[in-house]
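Asks: Sending over a structure as structure tokens; questions will come in a sec.
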Amino acid sequence: MKRKIKKAAVIGSGVMGSGIAAHLANVGISVYLLDIVPTQLTLDEEKKGLTLDHPAVRNRLAATAKQALLKTKPSPLYSVEDADIIQIGNLEDDLHRLSEVDWIIEVVVENLTIKKKVLETIETYRKPGTIVCSNTSGISINEMVADRSDEFKKHFLGTHFFNPPRYMKLLEVIPAETTDLEIVEFMVDFGENVLGKGIVLAKDTPNFIANRIGTYGLMVIIHEMEKMGLRADAVDLITGPLMGRPKSASFRTLDLVGIDTFVHVANNVRDNSEDEEEKRVFTIPSYILEMVKKGWIGDKNKQGFYKKVMTEKGKEIFVFDQKTMEYVPKEKFKSASVEMAKQTKTLKDKLKTLVYGKDEAAQFAWNTLKQVLLYSANKLGEIADDIVNIDQAMKWGFNWELGPFEIWDAIGVEKSVKRMEEEGVQIPLFVKTLLESGKTHFYEKVESKRFYLSMNGNFESISKNPKKISLADLKEQKKVIKSNSGASLIDLGDDVALLEFHSPNNSIATDIISMINQSAEEVSRNYRGLVIGNESKNFSVGANLMMILMEAQDENWDELDLMIRMFQDANMKLKYLDKPVVAAPFGMTLGGGAEVAFGADYVQAAAETYMGLVEVGVGVIPSGGGTKELLLRSLEGIPDGLTMDVQPLVNRSFETIAMAKVSTSAKDAKTLGYLRKQDGVSVNRDTLIYDAKQAVIALDQLGYWPPKPKKIRVVGETGYNTLRLGIYSFLVSGMISEHDQKIAEKLAFILAGGSVPANTMVSEQYLLDLEREAFLSLVGEPKTQARMQHMLTTGKPLRN
């Protein structure tokens, strides 16, 4: 019988424990969240007359942690309802619950003695066959389980979720020497396909893979910064996106993570390493220890390497000067290499320009990157069995765009090694063997299949989730059916096509609209259905705002009117196509992006989908069918012929659009009405296109028949006046401006169905015409154009 995890127990309700429990609840796994019994009453408990024996006191730690989940931003939960399947308890009264679960995760303090004691208790209560994990960032898995029974050892392994568990893709799985292979294989599959994680298999070494290399890289940066006399602001300019790292770069990242946490992780390697050179690198400088002593540990204490300071100019961000132990204004760091790297298009070119430059920044980049590459190669075999696990760990755990061996390929293995040898560096045997064999890359691609250099010196195929469809690979295989500057139609196989957006930010303009129409016609003739999806950072940020603003400023009203008509018609064509259409949104799915998804028969959304109609933020209303569609969706559960007051439903749609609400997840999008209850959710983004394709096939096999247009019953002038009254009350209370009022009344007019009596039946086209008229009238307003300009310039909405 295939193993399943339906119920789990998390022991330890700290930030990580409660975060793991939240993510298990996100994917539908019932969770017991247990913690120790408090030994003292709080003042509040004393005032209530509670005793240490009261359940509220005994369960306090887990209860407080669960309550915190509902308040934490960004939320660890997909929706507040997910918290309902987290049951709280304590490690005295509720240990018998461990016999009910399929998986037990220990997430207590990072102390070997305490962890061993907890595992001993778990063994007393767990049923045979239950998987047990210790979630740790670096304590030895084998030492933890040394005293347990053989049956326990077979079902025990380490896991290392990265914080926050919902959002961080990496999950390191660390088998013990005694872990049954079937358990390892199950946890890899479960982690990837149920929890949606990127799994790397790590060895039982200090800090495993990502923290070992990532912390080493940060320590190298810290030491090099001291040596070259630089400050954190200059270093962050060099070690951020130009090197394929997040915008938070090095020291902003340390502030986010917590400098105290970083020190703990670094000390773990230093204390457990027998290599004197490694111990030296992982030794924390005295000024950082002093920062921790003073509580200057980063964002949680509002100062670390950076600090917000009130000056005559207002709030400014100052940077820590390690020489004076004071915060000073940031300075513009000038570097020809940095400026040249910024001008290049690809990350490969940025890296080469930066590390092979001639100035101070280039020298810093080379000195630090060189050491990370060498360290990664030297640790191969010790911390992981192959370069793929190391590269994936750094990409998924530290958000690097390229892993160390991919970076080495990018800057040129031959060229970089030659320079290292000239500088007197000892080259790792693995790298020397590569070059001596005549090979020049760690990775190679043959007919869209990717291979990596294994430790035995041979190229081996990179295994991947069979549910992952790569559009890049399909393009290499010449599967593009049609294409223009903004979008392409691609053959997914099995007679299913995919419409891919690839304009900047996937913003929607006439090229994408044209491809929607062409795709609909092609699929109608030759395919069983259509998927709408892509592999960009976001599904679509909406319409091309710059183009709209330029047309409005030039008063090209006919062109704007035509573009809106075309977009409305394209979305309606998708909605009533004679073949099934499935949208696969993810990330930001805003404005026009959401409207395209509304045109699909079914939506297979990534769990992390942030969907919303946000047009009011730039002074207009949704005009590609979004206003009409949200109204339709709010009314579609009402049976035909049933007369009821639909004003509350109209009010809800108005509030959602007028407040530009954006979902915090796909589940939340269902709550807001952007997605239907029956729409699917893919927890693992990598399988999203596959899942959407399967949905198309399923609809086709069921004998798909397109929907028939229906009339919509509207609230009319009476409902419009109700909405206007509410808008006016917001105006007089000072909560909105007069321009906000104008936009809101235009929106209310559409949702009410215009100047018609209550309960009039209207067509979709009628509502689309109202949308278009409202949009055109608003885009001509100077205050709307000012909002658009401000958004394009600052990325933030303007209140005027």
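For the structure tokens, the naming scheme is as follows: chains receive sequential letters (A, B, ...) according to their order of presentation, residues are indexed from 1 within each chain, and ligands are indexed from 1 in presentation order.
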Run DSSP on the backbone and grab whatever in segment 254-401 of chain A lands in helix (DSSP H, G or I); send it over as a PyMOL selection string.

Replies: chain A and resi 254-257+259-272+276-281+286-294+299-301+336-343+347-355+360-379+387-398

Asks: Pick out the residues sitting within 8 Å of segment 574-579 of chain A, and hand them over as a list in words; count only C-alpha atoms, and ignore anything fewer than 5 positions along from it in its own chain.

Replies: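 Near segment 574-579 of chain A, the qualifying residues are Ile516, Ala520, Val523, Ser524, Tyr527, Arg528, Gly529, Leu530, Phe598, Gly599, Ala600, Asp601, Asp700, Tyr704, Trp705, Pro706, Pro707 and Lys708 of chain A.
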
Asks: Quick check, in Å to one decimal: how far apart do atom CA of Ser149 of chain A and atom CA of Ser134 of chain A lie?

Replies: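 Going from atom CA of Ser149 of chain A over to atom CA of Ser134 of chain A covers 16.0 Å.
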
Asks: Quick one: contact table of segment 510-539 of chain A to segment 458-482 of chain A, 10 Å max, nearest atom pair and distance in Å to one decimal per residue, counting only C-alpha atoms, chain and number order, as JSON lines?

Replies:
```
{"residue": "A:Met515", "atom": "CA", "partner": "A:Lys482", "partner_atom": "CA", "distance": 8.1}
{"residue": "A:Gln518", "atom": "CA", "partner": "A:Lys482", "partner_atom": "CA", "distance": 8.2}
{"residue": "A:Ser519", "atom": "CA", "partner": "A:Lys482", "partner_atom": "CA", "distance": 8.0}
{"residue": "A:Glu522", "atom": "CA", "partner": "A:Ile481", "partner_atom": "CA", "distance": 9.0}
{"residue": "A:Gly533", "atom": "CA", "partner": "A:Leu471", "partner_atom": "CA", "distance": 9.7}
{"residue": "A:Asn534", "atom": "CA", "partner": "A:Leu471", "partner_atom": "CA", "distance": 7.6}
{"residue": "A:Glu535", "atom": "CA", "partner": "A:Leu471", "partner_atom": "CA", "distance": 7.3}
```

Asks: Write out as an NGL selection string each polymer residue whose atoms come within 12 Å of Val194 of chain A, counting only C-alpha atoms; drop sequence neighbours fewer than 6 positions from it.

Replies: :A and (4-6 or 23-29 or 186-188 or 607 or 681-685 or 687)

Asks: Keeping N, CA, C and O atoms, export the residues of the selection given above as a compact mmCIF listing (two decimals), in the first residue's frame.

Replies:
```txt
# COMPACT_ATOMS: atom_id res chain seq x y z
N LYS A 4 1.00 7.40 2.72
CA LYS A 4 0.43 8.75 2.63
C LYS A 4 0.61 9.47 3.96
O LYS A 4 0.66 8.83 5.02
N ILE A 5 0.71 10.78 3.87
CA ILE A 5 0.74 11.59 5.10
C ILE A 5 -0.54 12.42 5.13
O ILE A 5 -0.71 13.35 4.34
N LYS A 6 -1.44 12.03 6.01
CA LYS A 6 -2.71 12.75 6.17
C LYS A 6 -2.71 13.60 7.43
O LYS A 6 -3.40 14.60 7.51
N HIS A 23 2.50 25.53 6.93
CA HIS A 23 2.59 25.09 5.54
C HIS A 23 1.97 23.71 5.35
O HIS A 23 1.38 23.43 4.30
N LEU A 24 2.08 22.85 6.34
CA LEU A 24 1.40 21.56 6.24
C LEU A 24 -0.11 21.77 6.17
O LEU A 24 -0.81 21.13 5.38
N ALA A 25 -0.62 22.70 6.98
CA ALA A 25 -2.05 23.02 6.93
C ALA A 25 -2.42 23.61 5.57
O ALA A 25 -3.50 23.33 5.03
N ASN A 26 -1.52 24.41 4.98
CA ASN A 26 -1.77 24.99 3.66
C ASN A 26 -2.10 23.93 2.62
O ASN A 26 -2.95 24.13 1.75
N VAL A 27 -1.41 22.79 2.71
CA VAL A 27 -1.61 21.74 1.70
C VAL A 27 -2.61 20.68 2.16
O VAL A 27 -2.74 19.62 1.54
N GLY A 28 -3.32 20.98 3.27
CA GLY A 28 -4.43 20.13 3.68
C GLY A 28 -4.09 19.03 4.66
O GLY A 28 -4.90 18.13 4.90
N ILE A 29 -2.91 19.07 5.27
CA ILE A 29 -2.52 18.06 6.25
C ILE A 29 -2.90 18.55 7.65
O ILE A 29 -2.48 19.63 8.07
N PHE A 186 10.49 8.37 -0.49
CA PHE A 186 9.15 8.89 -0.22
C PHE A 186 9.21 10.36 0.16
O PHE A 186 8.42 11.17 -0.33
N MET A 187 10.14 10.73 1.05
CA MET A 187 10.21 12.11 1.52
C MET A 187 10.61 13.07 0.39
O MET A 187 10.14 14.20 0.34
N VAL A 188 11.45 12.60 -0.52
CA VAL A 188 11.82 13.44 -1.68
C VAL A 188 10.58 13.68 -2.53
O VAL A 188 10.29 14.83 -2.92
N ALA A 607 -0.03 28.06 -6.17
CA ALA A 607 -0.44 28.44 -4.81
C ALA A 607 -0.06 29.88 -4.51
O ALA A 607 -0.83 30.62 -3.89
N VAL A 681 -5.32 24.26 -7.75
CA VAL A 681 -4.15 24.93 -7.18
C VAL A 681 -2.96 23.99 -7.24
O VAL A 681 -3.05 22.84 -6.82
N SER A 682 -1.84 24.46 -7.79
CA SER A 682 -0.60 23.69 -7.83
C SER A 682 0.36 24.27 -6.81
O SER A 682 0.75 25.44 -6.91
N VAL A 683 0.74 23.46 -5.82
CA VAL A 683 1.64 23.94 -4.77
C VAL A 683 3.05 24.10 -5.32
O VAL A 683 3.76 25.03 -4.95
N ASN A 684 3.45 23.19 -6.21
CA ASN A 684 4.78 23.28 -6.82
C ASN A 684 4.67 24.02 -8.14
O ASN A 684 4.07 23.53 -9.10
N ARG A 685 5.24 25.19 -8.21
CA ARG A 685 5.18 26.02 -9.42
C ARG A 685 5.77 25.28 -10.63
O ARG A 685 5.35 25.48 -11.77
N THR A 687 5.37 22.34 -11.61
CA THR A 687 4.44 21.42 -12.29
C THR A 687 3.19 22.13 -12.81
O THR A 687 2.26 21.48 -13.30
```

Asks: Have a look at A:Ile383, A:Ala341, A:Ile689, A:Val109 and name the one nearest to Asn207 of chain A; count only C-alpha atoms.

Replies: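 Looking at the shortest contact to Asn207 of chain A, the residue is A:Ile383.
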
Asks: Which residue out of A:Glu414, A:Glu331, A:Glu406, A:Glu226 has the minimum interatomic distance to Phe364 of chain A when only C-alpha atoms are used?

Replies: A:Glu226

Asks: Skipping near chain neighbours, those fewer than 5 positions away, what residues fall within 6 Å of segment 237-249 of chain A using only C-alpha atoms, listed as a PyMOL selection string?

Replies: chain A and resi 350-351+400-401

Asks: DSSP on the backbone, strand (DSSP E) only: what residues of segment 241-427 of chain A does that give? Format it as a list in words.

Replies: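 Strand (DSSP E) assignments inside segment 241-427 of chain A correspond to Tyr306, Lys307, Lys308, Val309, Met310, Thr311, Gly314, Lys315, Glu316, Ile317, Phe318, Val319, Phe320, Asp321, Glu326, Tyr327, Val328 and Pro329 of chain A.
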